[in-house]
$ cat input12.cif   # mmCIF, C-alpha atoms and all ligand atoms
data_coords
loop_
_atom_site.label_atom_id
_atom_site.label_comp_id
_atom_site.auth_asym_id
_atom_site.auth_seq_id
_atom_site.Cartn_x
_atom_site.Cartn_y
_atom_site.Cartn_z
CA MET A 80 -85.75 38.73 -226.53
CA GLU A 81 -82.57 36.64 -226.71
CA ARG A 82 -79.50 37.52 -224.67
CA LEU A 83 -77.45 38.72 -227.65
CA ASP A 84 -80.15 40.16 -229.92
CA GLY A 85 -78.62 42.84 -232.17
CA ARG A 86 -75.05 42.11 -231.06
CA ILE A 87 -72.19 41.69 -233.52
CA ALA A 88 -69.35 39.27 -232.73
CA ILE A 89 -66.00 38.38 -234.26
CA VAL A 90 -64.81 34.83 -233.47
CA THR A 91 -61.25 33.93 -234.47
CA GLY A 92 -60.34 30.35 -235.34
CA GLY A 93 -64.02 29.96 -236.21
CA ALA A 94 -63.62 27.52 -239.08
CA ARG A 95 -63.90 24.41 -236.93
CA GLY A 96 -63.73 22.95 -233.42
CA VAL A 97 -64.33 25.17 -230.41
CA GLY A 98 -64.60 28.31 -232.56
CA SER A 99 -67.46 26.97 -234.64
CA ALA A 100 -69.24 25.71 -231.48
CA ILE A 101 -68.89 29.20 -229.97
CA ALA A 102 -70.22 30.84 -233.14
CA ARG A 103 -73.22 28.51 -233.14
CA ARG A 104 -74.02 29.32 -229.48
CA LEU A 105 -73.70 33.09 -229.99
CA ILE A 106 -76.00 32.89 -233.03
CA GLU A 107 -78.54 30.82 -231.06
CA ALA A 108 -78.49 33.64 -228.50
CA GLY A 109 -79.32 36.20 -231.21
CA ALA A 110 -75.92 37.51 -232.35
CA ARG A 111 -74.57 37.90 -235.86
CA VAL A 112 -71.08 36.43 -236.11
CA VAL A 113 -68.07 37.10 -238.30
CA LEU A 114 -65.83 34.04 -238.38
CA GLY A 115 -62.12 34.57 -239.01
CA ASP A 116 -59.57 31.85 -239.76
CA LEU A 117 -56.76 30.70 -242.03
CA ARG A 118 -58.72 27.66 -243.24
CA ASP A 119 -60.79 29.45 -245.86
CA GLU A 120 -62.58 26.41 -247.27
CA ALA A 121 -63.60 25.09 -243.84
CA GLY A 122 -64.50 28.62 -242.72
CA GLU A 123 -66.77 29.24 -245.71
CA SER A 124 -68.52 25.92 -245.23
CA THR A 125 -68.96 26.45 -241.46
CA ALA A 126 -70.47 29.89 -242.14
CA ALA A 127 -72.82 28.41 -244.75
CA GLU A 128 -73.87 25.71 -242.27
CA LEU A 129 -74.54 28.31 -239.56
CA GLY A 130 -76.87 30.23 -241.90
CA GLY A 131 -77.55 33.90 -242.61
CA ALA A 132 -76.27 35.20 -239.25
CA ALA A 133 -72.72 34.02 -240.02
CA THR A 134 -70.13 35.31 -242.47
CA TYR A 135 -66.56 34.20 -242.99
CA LEU A 136 -63.45 36.24 -243.74
CA HIS A 137 -59.76 35.35 -243.97
CA LEU A 138 -58.11 36.57 -240.77
CA ASP A 139 -54.59 35.56 -239.78
CA VAL A 140 -54.56 36.76 -236.18
CA THR A 141 -50.81 37.36 -236.29
CA ARG A 142 -51.20 39.97 -239.06
CA GLU A 143 -52.06 43.53 -238.09
CA ALA A 144 -53.28 44.26 -241.64
CA ASP A 145 -55.73 41.34 -241.49
CA TRP A 146 -57.15 42.72 -238.23
CA ALA A 147 -57.56 46.18 -239.77
CA GLY A 148 -59.40 44.60 -242.71
CA ALA A 149 -61.64 42.49 -240.46
CA VAL A 150 -62.63 45.46 -238.30
CA LYS A 151 -63.24 47.67 -241.34
CA ARG A 152 -65.44 45.07 -243.01
CA THR A 153 -67.38 44.27 -239.83
CA LEU A 154 -68.09 47.96 -239.23
CA ALA A 155 -69.06 48.46 -242.88
CA ASP A 156 -71.43 45.45 -242.83
CA HIS A 157 -72.86 45.79 -239.31
CA GLY A 158 -71.94 49.24 -237.96
CA ARG A 159 -70.61 47.95 -234.63
CA ILE A 160 -68.51 45.31 -232.83
CA ASP A 161 -69.92 44.15 -229.49
CA ILE A 162 -68.00 40.94 -228.90
CA LEU A 163 -64.53 39.65 -229.76
CA VAL A 164 -63.72 36.00 -229.04
CA ASN A 165 -59.98 35.38 -229.30
CA ASN A 166 -60.25 31.64 -229.88
CA ALA A 167 -57.65 30.87 -232.59
CA GLY A 168 -54.90 28.75 -231.11
CA ARG A 169 -51.79 26.87 -232.07
CA LEU A 170 -50.47 23.83 -230.23
CA HIS A 171 -46.92 22.61 -230.25
CA MET A 172 -46.10 19.35 -228.50
CA GLY A 173 -42.49 18.56 -227.67
CA ALA A 174 -40.09 18.67 -224.75
CA ILE A 175 -38.30 22.01 -224.35
CA GLU A 176 -35.06 20.59 -225.75
CA ASN A 177 -36.95 19.28 -228.80
CA THR A 178 -38.73 22.57 -229.46
CA SER A 179 -37.03 24.96 -231.86
CA PRO A 180 -37.04 28.70 -231.14
CA GLU A 181 -39.06 29.13 -234.36
CA GLU A 182 -41.75 26.73 -233.12
CA ALA A 183 -41.79 28.48 -229.75
CA ARG A 184 -42.17 31.90 -231.38
CA GLY A 185 -44.91 30.59 -233.68
CA VAL A 186 -47.00 29.48 -230.70
CA VAL A 187 -46.56 32.82 -228.93
CA GLU A 188 -47.43 34.71 -232.13
CA VAL A 189 -50.82 32.98 -232.48
CA ASN A 190 -51.79 32.48 -228.83
CA LEU A 191 -50.59 35.79 -227.37
CA ILE A 192 -49.70 38.36 -230.04
CA GLY A 193 -52.88 37.39 -231.96
CA PRO A 194 -55.23 38.31 -229.07
CA PHE A 195 -53.12 41.44 -228.36
CA LEU A 196 -53.58 42.58 -231.96
CA GLY A 197 -57.28 41.70 -231.76
CA ILE A 198 -57.89 43.72 -228.60
CA ARG A 199 -55.92 46.60 -230.10
CA ALA A 200 -57.97 46.45 -233.31
CA VAL A 201 -61.48 46.35 -231.77
CA ALA A 202 -60.88 48.69 -228.81
CA PRO A 203 -61.54 51.97 -230.69
CA ALA A 204 -64.96 50.79 -231.96
CA MET A 205 -65.91 49.38 -228.54
CA LYS A 206 -64.78 52.59 -226.81
CA ALA A 207 -66.89 54.66 -229.20
CA GLN A 208 -69.90 52.47 -228.33
CA GLY A 209 -69.05 52.70 -224.61
CA LYS A 210 -69.44 48.94 -224.34
CA GLY A 211 -67.82 45.69 -225.41
CA ALA A 212 -67.01 42.16 -224.27
CA ILE A 213 -63.76 40.41 -225.13
CA VAL A 214 -63.44 36.72 -224.31
CA ASN A 215 -60.18 34.83 -224.73
CA VAL A 216 -60.01 31.07 -225.02
CA GLY A 217 -57.14 29.96 -222.81
CA SER A 218 -56.56 26.46 -221.48
CA VAL A 219 -56.22 24.46 -218.30
CA ASP A 220 -52.54 24.50 -219.33
CA GLY A 221 -52.66 28.25 -218.66
CA MET A 222 -53.57 27.55 -215.02
CA LEU A 223 -51.20 24.68 -214.31
CA GLY A 224 -47.86 23.56 -215.74
CA MET A 225 -47.70 20.67 -218.20
CA ASN A 226 -44.73 18.75 -219.50
CA GLY A 227 -44.40 18.35 -223.26
CA VAL A 228 -46.32 21.56 -224.05
CA ALA A 229 -44.19 24.18 -222.26
CA MET A 230 -44.50 27.01 -224.78
CA TYR A 231 -48.20 26.37 -225.36
CA ALA A 232 -48.76 26.50 -221.57
CA ALA A 233 -46.58 29.60 -221.24
CA SER A 234 -48.49 31.39 -224.02
CA LYS A 235 -51.82 30.59 -222.32
CA TRP A 236 -50.53 31.84 -218.94
CA ALA A 237 -49.46 35.04 -220.66
CA LEU A 238 -52.89 35.35 -222.27
CA ARG A 239 -54.46 35.52 -218.79
CA GLY A 240 -52.01 38.29 -217.88
CA LEU A 241 -52.93 40.18 -221.02
CA ALA A 242 -56.65 39.81 -220.22
CA LYS A 243 -56.31 41.07 -216.64
CA SER A 244 -54.22 44.05 -217.73
CA ALA A 245 -56.59 44.86 -220.60
CA ALA A 246 -59.54 44.59 -218.18
CA LEU A 247 -57.97 47.30 -216.02
CA GLU A 248 -57.07 49.44 -218.99
CA LEU A 249 -60.45 49.24 -220.75
CA GLY A 250 -62.93 48.87 -217.88
CA ARG A 251 -63.63 52.58 -217.63
CA SER A 252 -64.58 52.53 -221.31
CA GLY A 253 -67.23 49.88 -220.61
CA ILE A 254 -65.17 47.04 -222.07
CA ARG A 255 -64.83 43.75 -220.17
CA VAL A 256 -62.04 41.23 -220.84
CA ASN A 257 -62.22 37.66 -219.54
CA THR A 258 -60.71 34.23 -220.23
CA VAL A 259 -62.29 30.78 -220.49
CA CYS A 260 -59.86 28.01 -219.58
CA PRO A 261 -61.03 24.66 -220.95
CA ALA A 262 -59.58 21.20 -220.37
CA GLY A 263 -60.51 19.84 -223.77
CA GLY A 264 -61.43 20.99 -227.21
CA ASN A 265 -61.17 19.69 -230.75
CA PRO A 266 -59.06 16.50 -230.90
CA GLU A 267 -57.99 17.61 -234.42
CA MET A 268 -55.76 20.17 -232.72
CA TYR A 269 -53.46 17.25 -231.83
CA GLY A 270 -53.24 16.29 -235.55
CA PRO A 271 -49.47 16.00 -236.05
CA TRP A 272 -49.02 14.13 -232.73
CA MET A 273 -52.06 11.83 -233.04
CA GLU A 274 -50.01 8.75 -233.95
CA GLN A 275 -47.67 9.10 -230.96
CA LEU A 276 -50.61 9.83 -228.62
CA ALA A 277 -52.42 6.71 -229.85
CA GLY A 278 -49.66 4.72 -228.14
CA MET A 279 -50.31 6.51 -224.83
CA ILE A 280 -54.01 5.69 -224.32
CA ASP A 281 -53.60 4.65 -220.65
CA GLN A 282 -51.66 7.81 -219.77
CA THR A 283 -54.06 10.20 -221.53
CA LYS A 284 -57.07 8.40 -220.01
CA SER A 285 -55.73 8.66 -216.46
CA TYR A 286 -54.94 12.37 -217.10
CA THR A 287 -58.64 13.10 -217.68
CA GLU A 288 -60.18 10.48 -215.38
CA ASP A 289 -58.92 11.75 -212.02
CA ARG A 290 -60.93 14.97 -212.24
CA ALA A 291 -63.94 15.75 -210.04
CA LEU A 292 -65.95 15.50 -213.28
CA PRO A 293 -64.05 12.95 -215.39
CA GLY A 294 -63.42 13.41 -219.09
CA GLU A 295 -62.72 16.22 -221.52
CA ALA A 296 -64.79 19.41 -221.62
CA PRO A 297 -67.54 19.11 -224.26
CA LEU A 298 -67.40 21.84 -226.93
CA GLY A 299 -70.93 22.94 -225.98
CA ALA A 300 -69.87 23.50 -222.35
CA ILE A 301 -66.96 25.69 -223.48
CA ALA A 302 -69.31 27.64 -225.77
CA ASP A 303 -71.79 28.15 -222.90
CA ALA A 304 -69.03 29.64 -220.74
CA VAL A 305 -68.03 31.99 -223.58
CA LEU A 306 -71.69 33.00 -224.02
CA PHE A 307 -71.91 33.85 -220.31
CA LEU A 308 -68.82 36.08 -220.49
CA ALA A 309 -69.92 37.65 -223.80
CA SER A 310 -73.40 38.52 -222.51
CA ASP A 311 -74.71 40.98 -219.93
CA ASP A 312 -75.24 38.04 -217.55
CA SER A 313 -71.59 38.58 -216.60
CA ARG A 314 -71.86 42.40 -216.62
CA HIS A 315 -69.88 42.82 -213.39
CA CYS A 316 -67.20 40.23 -214.23
CA THR A 317 -63.95 41.35 -215.77
CA GLY A 318 -60.38 40.08 -215.62
CA ILE A 319 -61.59 36.65 -214.53
CA ASP A 320 -60.47 33.17 -215.55
CA LEU A 321 -63.35 30.72 -215.91
CA PRO A 322 -62.11 27.13 -215.92
CA VAL A 323 -64.25 24.65 -217.84
CA ASP A 324 -62.09 21.78 -216.73
CA GLY A 325 -64.22 19.35 -214.72
CA GLY A 326 -62.37 20.51 -211.61
CA ALA A 327 -58.89 19.69 -213.00
CA HIS A 328 -57.25 22.53 -211.13
CA ALA A 329 -59.27 21.87 -207.95
CA GLY A 330 -57.14 18.80 -207.28
CA ARG A 331 -56.94 15.09 -208.08
CA PHE A 332 -59.63 12.55 -207.26
CA MET A 333 -58.21 9.60 -205.33
CA PRO A 334 -60.09 6.37 -206.15
CA GLY A 335 -61.04 4.43 -202.98
CA PHE A 336 -60.81 7.38 -200.58
CA ASN A 337 -64.59 8.01 -200.72
CA GLU A 338 -65.02 4.64 -198.97
CA LEU A 339 -62.69 5.34 -196.04
N1 LIG A 401 -58.16 20.97 -228.38
C1 LIG A 401 -57.98 21.00 -227.05
O1 LIG A 401 -57.88 19.94 -226.40
C2 LIG A 401 -57.94 22.32 -226.32
C3 LIG A 401 -57.80 22.32 -224.93
C4 LIG A 401 -57.76 23.55 -224.24
C5 LIG A 401 -57.86 24.74 -224.95
N2 LIG A 401 -57.98 24.71 -226.32
C6 LIG A 401 -58.03 26.00 -227.02
O2 LIG A 401 -59.26 26.11 -227.71
C7 LIG A 401 -59.09 27.00 -228.82
C8 LIG A 401 -59.70 26.36 -230.06
O3 LIG A 401 -58.97 25.17 -230.37
P1 LIG A 401 -59.69 23.85 -230.93
O4 LIG A 401 -59.64 22.84 -229.86
O5 LIG A 401 -60.97 24.19 -231.55
O6 LIG A 401 -58.61 23.39 -232.04
P2 LIG A 401 -58.63 23.60 -233.63
O7 LIG A 401 -57.24 23.29 -234.07
O8 LIG A 401 -59.74 22.84 -234.21
O9 LIG A 401 -58.97 25.15 -233.80
C9 LIG A 401 -58.04 26.17 -233.84
C10 LIG A 401 -58.42 27.06 -235.00
O10 LIG A 401 -57.53 28.19 -234.98
C11 LIG A 401 -57.15 28.44 -236.31
N3 LIG A 401 -55.90 29.18 -236.36
C12 LIG A 401 -54.64 28.75 -236.08
N4 LIG A 401 -53.75 29.71 -236.31
C13 LIG A 401 -54.46 30.79 -236.73
C14 LIG A 401 -54.11 32.10 -237.12
N5 LIG A 401 -52.83 32.51 -237.16
N6 LIG A 401 -55.09 32.95 -237.49
C15 LIG A 401 -56.38 32.56 -237.49
N7 LIG A 401 -56.78 31.33 -237.14
C16 LIG A 401 -55.82 30.46 -236.76
C17 LIG A 401 -57.04 27.06 -236.96
O11 LIG A 401 -57.07 27.13 -238.39
C18 LIG A 401 -58.26 26.36 -236.36
O12 LIG A 401 -59.42 26.51 -237.15
C19 LIG A 401 -57.59 27.25 -228.93
O13 LIG A 401 -57.28 28.51 -228.38
C20 LIG A 401 -56.98 26.15 -228.10
O14 LIG A 401 -55.71 26.50 -227.60
C21 LIG A 401 -58.05 23.54 -227.01
#
$ encode --input "input12.cif" --output "structure tokens"
Amino acid sequence: MERLDGRIAIVTGGARGVGSAIARRLIEAGARVVLGDLRDEAGESTAAELGGAATYLHLDVTREADWAGAVKRTLADHGRIDILVNNAGRLHMGAIENTSPEEARGVVEVNLIGPFLGIRAVAPAMKAQGKGAIVNVGSVDGMLGMNGVAMYAASKWALRGLAKSAALELGRSGIRVNTVCPAGGNPEMYGPWMEQLAGMIDQTKSYTEDRALPGEAPLGAIADAVLFLASDDSRHCTGIDLPVDGGAHAGRFMPGFNEL
């Protein structure tokens, strides 16, 4: 018997990157997964690649009506919702003075209001079942500050606050709410800023190299952490933040000091 046999999961932002890696891992553990995203073509092809346990539907996480439709269809097709992974995310890079209020609001809409609407939409079904696991995908930027991504970082900090509050509110209904905080993901998320970042190789390398475990978090490691929090293995964990960051927030490794 696999850890998630018979469980039904919704994974937002599931068309590519971290979301598709999470969907794959949940399916390997026995779950059936509904992928939601804006990228319909990529979403359909990811679902086809994942096989019969995956289906895709259009789900803009900022739209309440899309959430109602996703929950209705999932319940009609599968009869229950055991797991929600709030993975969809939007990055904006730019100093505060170069970030428009519209860009700032757009980031908050996807990274904070999206998960709020998602929790709100699945809670009644999970309460009726007396059980559910909600896992948010945050970021190392939601545990530390970071220049050049202020509103992204702020939205991910807020997401942790939402998760802890929801954990308290829903715990007595058997619903757990936790957050995975990775340092790394799909490089395609940096799309519009790729060219500028290509000129900062030394800076970005040193940013990831001074960790206890150097380098970016592999997608599979992030997916494993989500699987842990989605499964009964973490049955007494709620309201927690699980960094998958190679020790980034533990401190900085100082080259040479090991030889003192
Ligand atoms: N890429 C990184 O380096 C990194 C680092 C830390 C955390 N994360 C987090 O990991 C998660 C997944 O990101 P990724 O790295 O796979 O990047 P990605 O850009 O490949 O994936 C994000 C997905 O979210 C979808 N999305 C965006 N807005 C949406 C909306 N309104 N409704 C539904 N779907 C929407 C996109 O279409 C995309 O498929 C995000 O929450 C991100 O903040 C990423």
$ residues_around --input "input12.cif" --residues "range 120-122 of chain A" --least-positions-apart "2" --cutoff "6 Å" --atoms "all atoms listed in the file" --output "PyMOL selection string"
chain A and resi 94+118+124-125+135
$ write_last_selection --input "input12.cif" --atoms "C-alpha atoms" --output "mmCIF file, keeping the file's coordinate frame"
data_model
loop_
_atom_site.group_PDB
_atom_site.id
_atom_site.type_symbol
_atom_site.label_atom_id
_atom_site.label_comp_id
_atom_site.auth_asym_id
_atom_site.auth_seq_id
_atom_site.Cartn_x
_atom_site.Cartn_y
_atom_site.Cartn_z
ATOM 1 C CA ALA A 94 -63.620 27.520 -239.080
ATOM 2 C CA ARG A 118 -58.720 27.660 -243.240
ATOM 3 C CA SER A 124 -68.520 25.920 -245.230
ATOM 4 C CA THR A 125 -68.960 26.450 -241.460
ATOM 5 C CA TYR A 135 -66.560 34.200 -242.990
#
$ residues_near_ligand --input "input12.cif" --ligand "ligand LIG 401 (chain A)" --cutoff "7 Å" --atoms "all atoms listed in the file" --output "JSON, numbers by chain"
{"A": [91, 92, 93, 94, 95, 96, 97, 98, 115, 116, 117, 118, 138, 139, 140, 141, 166, 167, 168, 169, 170, 189, 190, 216, 217, 218, 219, 260, 261, 262, 263, 264, 265, 266, 267, 268, 269]}
$ write_last_selection --input "input12.cif" --atoms "C-alpha atoms" --output "mmCIF file, in the frame of the given file"
data_model
loop_
_atom_site.group_PDB
_atom_site.id
_atom_site.type_symbol
_atom_site.label_atom_id
_atom_site.label_comp_id
_atom_site.auth_asym_id
_atom_site.auth_seq_id
_atom_site.Cartn_x
_atom_site.Cartn_y
_atom_site.Cartn_z
ATOM 1 C CA THR A 91 -61.250 33.930 -234.470
ATOM 2 C CA GLY A 92 -60.340 30.350 -235.340
ATOM 3 C CA GLY A 93 -64.020 29.960 -236.210
ATOM 4 C CA ALA A 94 -63.620 27.520 -239.080
ATOM 5 C CA ARG A 95 -63.900 24.410 -236.930
ATOM 6 C CA GLY A 96 -63.730 22.950 -233.420
ATOM 7 C CA VAL A 97 -64.330 25.170 -230.410
ATOM 8 C CA GLY A 98 -64.600 28.310 -232.560
ATOM 9 C CA GLY A 115 -62.120 34.570 -239.010
ATOM 10 C CA ASP A 116 -59.570 31.850 -239.760
ATOM 11 C CA LEU A 117 -56.760 30.700 -242.030
ATOM 12 C CA ARG A 118 -58.720 27.660 -243.240
ATOM 13 C CA LEU A 138 -58.110 36.570 -240.770
ATOM 14 C CA ASP A 139 -54.590 35.560 -239.780
ATOM 15 C CA VAL A 140 -54.560 36.760 -236.180
ATOM 16 C CA THR A 141 -50.810 37.360 -236.290
ATOM 17 C CA ASN A 166 -60.250 31.640 -229.880
ATOM 18 C CA ALA A 167 -57.650 30.870 -232.590
ATOM 19 C CA GLY A 168 -54.900 28.750 -231.110
ATOM 20 C CA ARG A 169 -51.790 26.870 -232.070
ATOM 21 C CA LEU A 170 -50.470 23.830 -230.230
ATOM 22 C CA VAL A 189 -50.820 32.980 -232.480
ATOM 23 C CA ASN A 190 -51.790 32.480 -228.830
ATOM 24 C CA VAL A 216 -60.010 31.070 -225.020
ATOM 25 C CA GLY A 217 -57.140 29.960 -222.810
ATOM 26 C CA SER A 218 -56.560 26.460 -221.480
ATOM 27 C CA VAL A 219 -56.220 24.460 -218.300
ATOM 28 C CA CYS A 260 -59.860 28.010 -219.580
ATOM 29 C CA PRO A 261 -61.030 24.660 -220.950
ATOM 30 C CA ALA A 262 -59.580 21.200 -220.370
ATOM 31 C CA GLY A 263 -60.510 19.840 -223.770
ATOM 32 C CA GLY A 264 -61.430 20.990 -227.210
ATOM 33 C CA ASN A 265 -61.170 19.690 -230.750
ATOM 34 C CA PRO A 266 -59.060 16.500 -230.900
ATOM 35 C CA GLU A 267 -57.990 17.610 -234.420
ATOM 36 C CA MET A 268 -55.760 20.170 -232.720
ATOM 37 C CA TYR A 269 -53.460 17.250 -231.830
#
$ residues_around --input "input12.cif" --residues "Asp289 in chain A" --least-positions-apart "4" --cutoff "10 Å" --atoms "all atoms listed in the file" --output "list in words"
Lys284, Ser285, Pro293, Gly294, Gly325, Gly326, Ala327, Gly330, Arg331, Phe332, Met333 and Pro334 of chain A
$ write_last_selection --input "input12.cif" --atoms "C-alpha atoms" --output "short mmCIF file (atom, residue, chain, number, x, y, z; two decimals), in the frame of the given file"
data_model
loop_
_atom_site.label_atom_id
_atom_site.label_comp_id
_atom_site.auth_asym_id
_atom_site.auth_seq_id
_atom_site.Cartn_x
_atom_site.Cartn_y
_atom_site.Cartn_z
CA LYS A 284 -57.07 8.40 -220.01
CA SER A 285 -55.73 8.66 -216.46
CA PRO A 293 -64.05 12.95 -215.39
CA GLY A 294 -63.42 13.41 -219.09
CA GLY A 325 -64.22 19.35 -214.72
CA GLY A 326 -62.37 20.51 -211.61
CA ALA A 327 -58.89 19.69 -213.00
CA GLY A 330 -57.14 18.80 -207.28
CA ARG A 331 -56.94 15.09 -208.08
CA PHE A 332 -59.63 12.55 -207.26
CA MET A 333 -58.21 9.60 -205.33
CA PRO A 334 -60.09 6.37 -206.15
#
$ residues_around --input "input12.cif" --residues "Arg314 in chain A" --least-positions-apart "2" --cutoff "10 Å" --atoms "all atoms listed in the file" --output "ChimeraX atom specification"
/A:212,253-255,307-312,316-317
$ residues_near_point --input "input12.cif" --point "(-65.6, 40.0, -234.3)" --cutoff "10 Å" --atoms "only C-alpha atoms" --output "number ranges by chain"
A: 87-91, 111-115, 146, 149-150, 153-154, 159-165, 197, 201, 213
$ closest_residue --input "input12.cif" --among "A:Leu136, A:Leu321, A:Asn257, A:Glu338" --to "Lys151 in chain A" --atoms "all atoms listed in the file"
A:Leu136
$ atom_distance --input "input12.cif" --atom1 "CA of Gly158 in chain A" --atom2 "CA of Ile198 in chain A"
17.8 Å
$ residues_around --input "input12.cif" --residues "range 101-108 of chain A" --least-positions-apart "6" --cutoff "7 Å" --atoms "only C-alpha atoms" --output "MDAnalysis selection string"
chainID A and resid 81:84 90 93 129 132 302 306
$ atom_distance --input "input12.cif" --atom1 "CA of His157 in chain A" --atom2 "CA of Asp303 in chain A"
24.1 Å
$ axis_aligned_box --input "input12.cif" --around "range 311-321 of chain A" --padding-each-side "3 Å" --output "lines of an AutoDock Vina configuration file"
center_x = -67.8
center_y = 36.8
center_z = -216.7
size_x = 20.9
size_y = 18.1
size_z = 12.5
$ closest_residue --input "input12.cif" --among "A:Arg290, A:Tyr231, A:Trp272, A:Pro194" --to "Asn215 in chain A" --atoms "all atoms listed in the file"
A:Pro194
$ atom_distance --input "input12.cif" --atom1 "CA of Ala133 in chain A" --atom2 "CA of Ala300 in chain A"
20.8 Å
$ residues_around --input "input12.cif" --residues "Gly227 in chain A" --least-positions-apart "5" --cutoff "12 Å" --atoms "only C-alpha atoms" --output "ChimeraX atom specification"
/A:170-178,220,232-233,272,276
$ decode --input "input12.cif" --residues "range 275-288 of chain A" --atoms "N, CA, C and O atoms" --output "CSV table (one decimal), in the first residue's frame"
chain,number,residue,atom,x,y,z
A,275,GLN,N,19.3,39.9,-18.0
A,275,GLN,CA,20.0,40.7,-17.0
A,275,GLN,C,20.8,39.8,-16.0
A,275,GLN,O,21.9,40.1,-15.6
A,276,LEU,N,20.1,38.7,-15.6
A,276,LEU,CA,20.8,37.8,-14.6
A,276,LEU,C,22.0,37.1,-15.3
A,276,LEU,O,23.0,36.8,-14.5
A,277,ALA,N,22.0,36.9,-16.6
A,277,ALA,CA,23.1,36.3,-17.3
A,277,ALA,C,24.4,37.1,-17.1
A,277,ALA,O,25.5,36.6,-17.1
A,278,GLY,N,24.2,38.4,-16.9
A,278,GLY,CA,25.4,39.3,-16.6
A,278,GLY,C,25.8,39.3,-15.2
A,278,GLY,O,26.7,40.1,-14.8
A,279,MET,N,25.1,38.5,-14.3
A,279,MET,CA,25.5,38.5,-12.9
A,279,MET,C,25.8,37.1,-12.4
A,279,MET,O,25.5,36.7,-11.3
A,280,ILE,N,26.5,36.3,-13.2
A,280,ILE,CA,26.8,34.9,-12.9
A,280,ILE,C,27.5,34.8,-11.6
A,280,ILE,O,27.2,34.0,-10.7
A,281,ASP,N,28.6,35.6,-11.4
A,281,ASP,CA,29.4,35.5,-10.2
A,281,ASP,C,28.5,35.8,-8.9
A,281,ASP,O,28.6,35.0,-7.9
A,282,GLN,N,27.7,36.8,-9.0
A,282,GLN,CA,26.9,37.2,-7.9
A,282,GLN,C,25.8,36.0,-7.5
A,282,GLN,O,25.7,35.7,-6.4
A,283,THR,N,25.2,35.5,-8.6
A,283,THR,CA,24.2,34.5,-8.3
A,283,THR,C,24.8,33.2,-7.8
A,283,THR,O,24.3,32.5,-7.0
A,284,LYS,N,26.1,32.9,-8.4
A,284,LYS,CA,26.8,31.7,-7.9
A,284,LYS,C,27.1,31.8,-6.4
A,284,LYS,O,26.9,30.9,-5.7
A,285,SER,N,27.7,33.0,-6.1
A,285,SER,CA,28.1,33.1,-4.7
A,285,SER,C,26.9,33.1,-3.7
A,285,SER,O,27.0,32.6,-2.6
A,286,TYR,N,25.7,33.5,-4.2
A,286,TYR,CA,24.5,33.5,-3.4
A,286,TYR,C,24.1,32.1,-3.0
A,286,TYR,O,23.7,31.8,-1.9
A,287,THR,N,24.3,31.1,-4.0
A,287,THR,CA,23.9,29.7,-3.7
A,287,THR,C,25.1,28.9,-3.1
A,287,THR,O,24.8,27.8,-2.6
A,288,GLU,N,26.3,29.4,-3.3
A,288,GLU,CA,27.5,28.5,-3.0
A,288,GLU,C,27.9,28.6,-1.5
A,288,GLU,O,28.6,27.8,-1.0
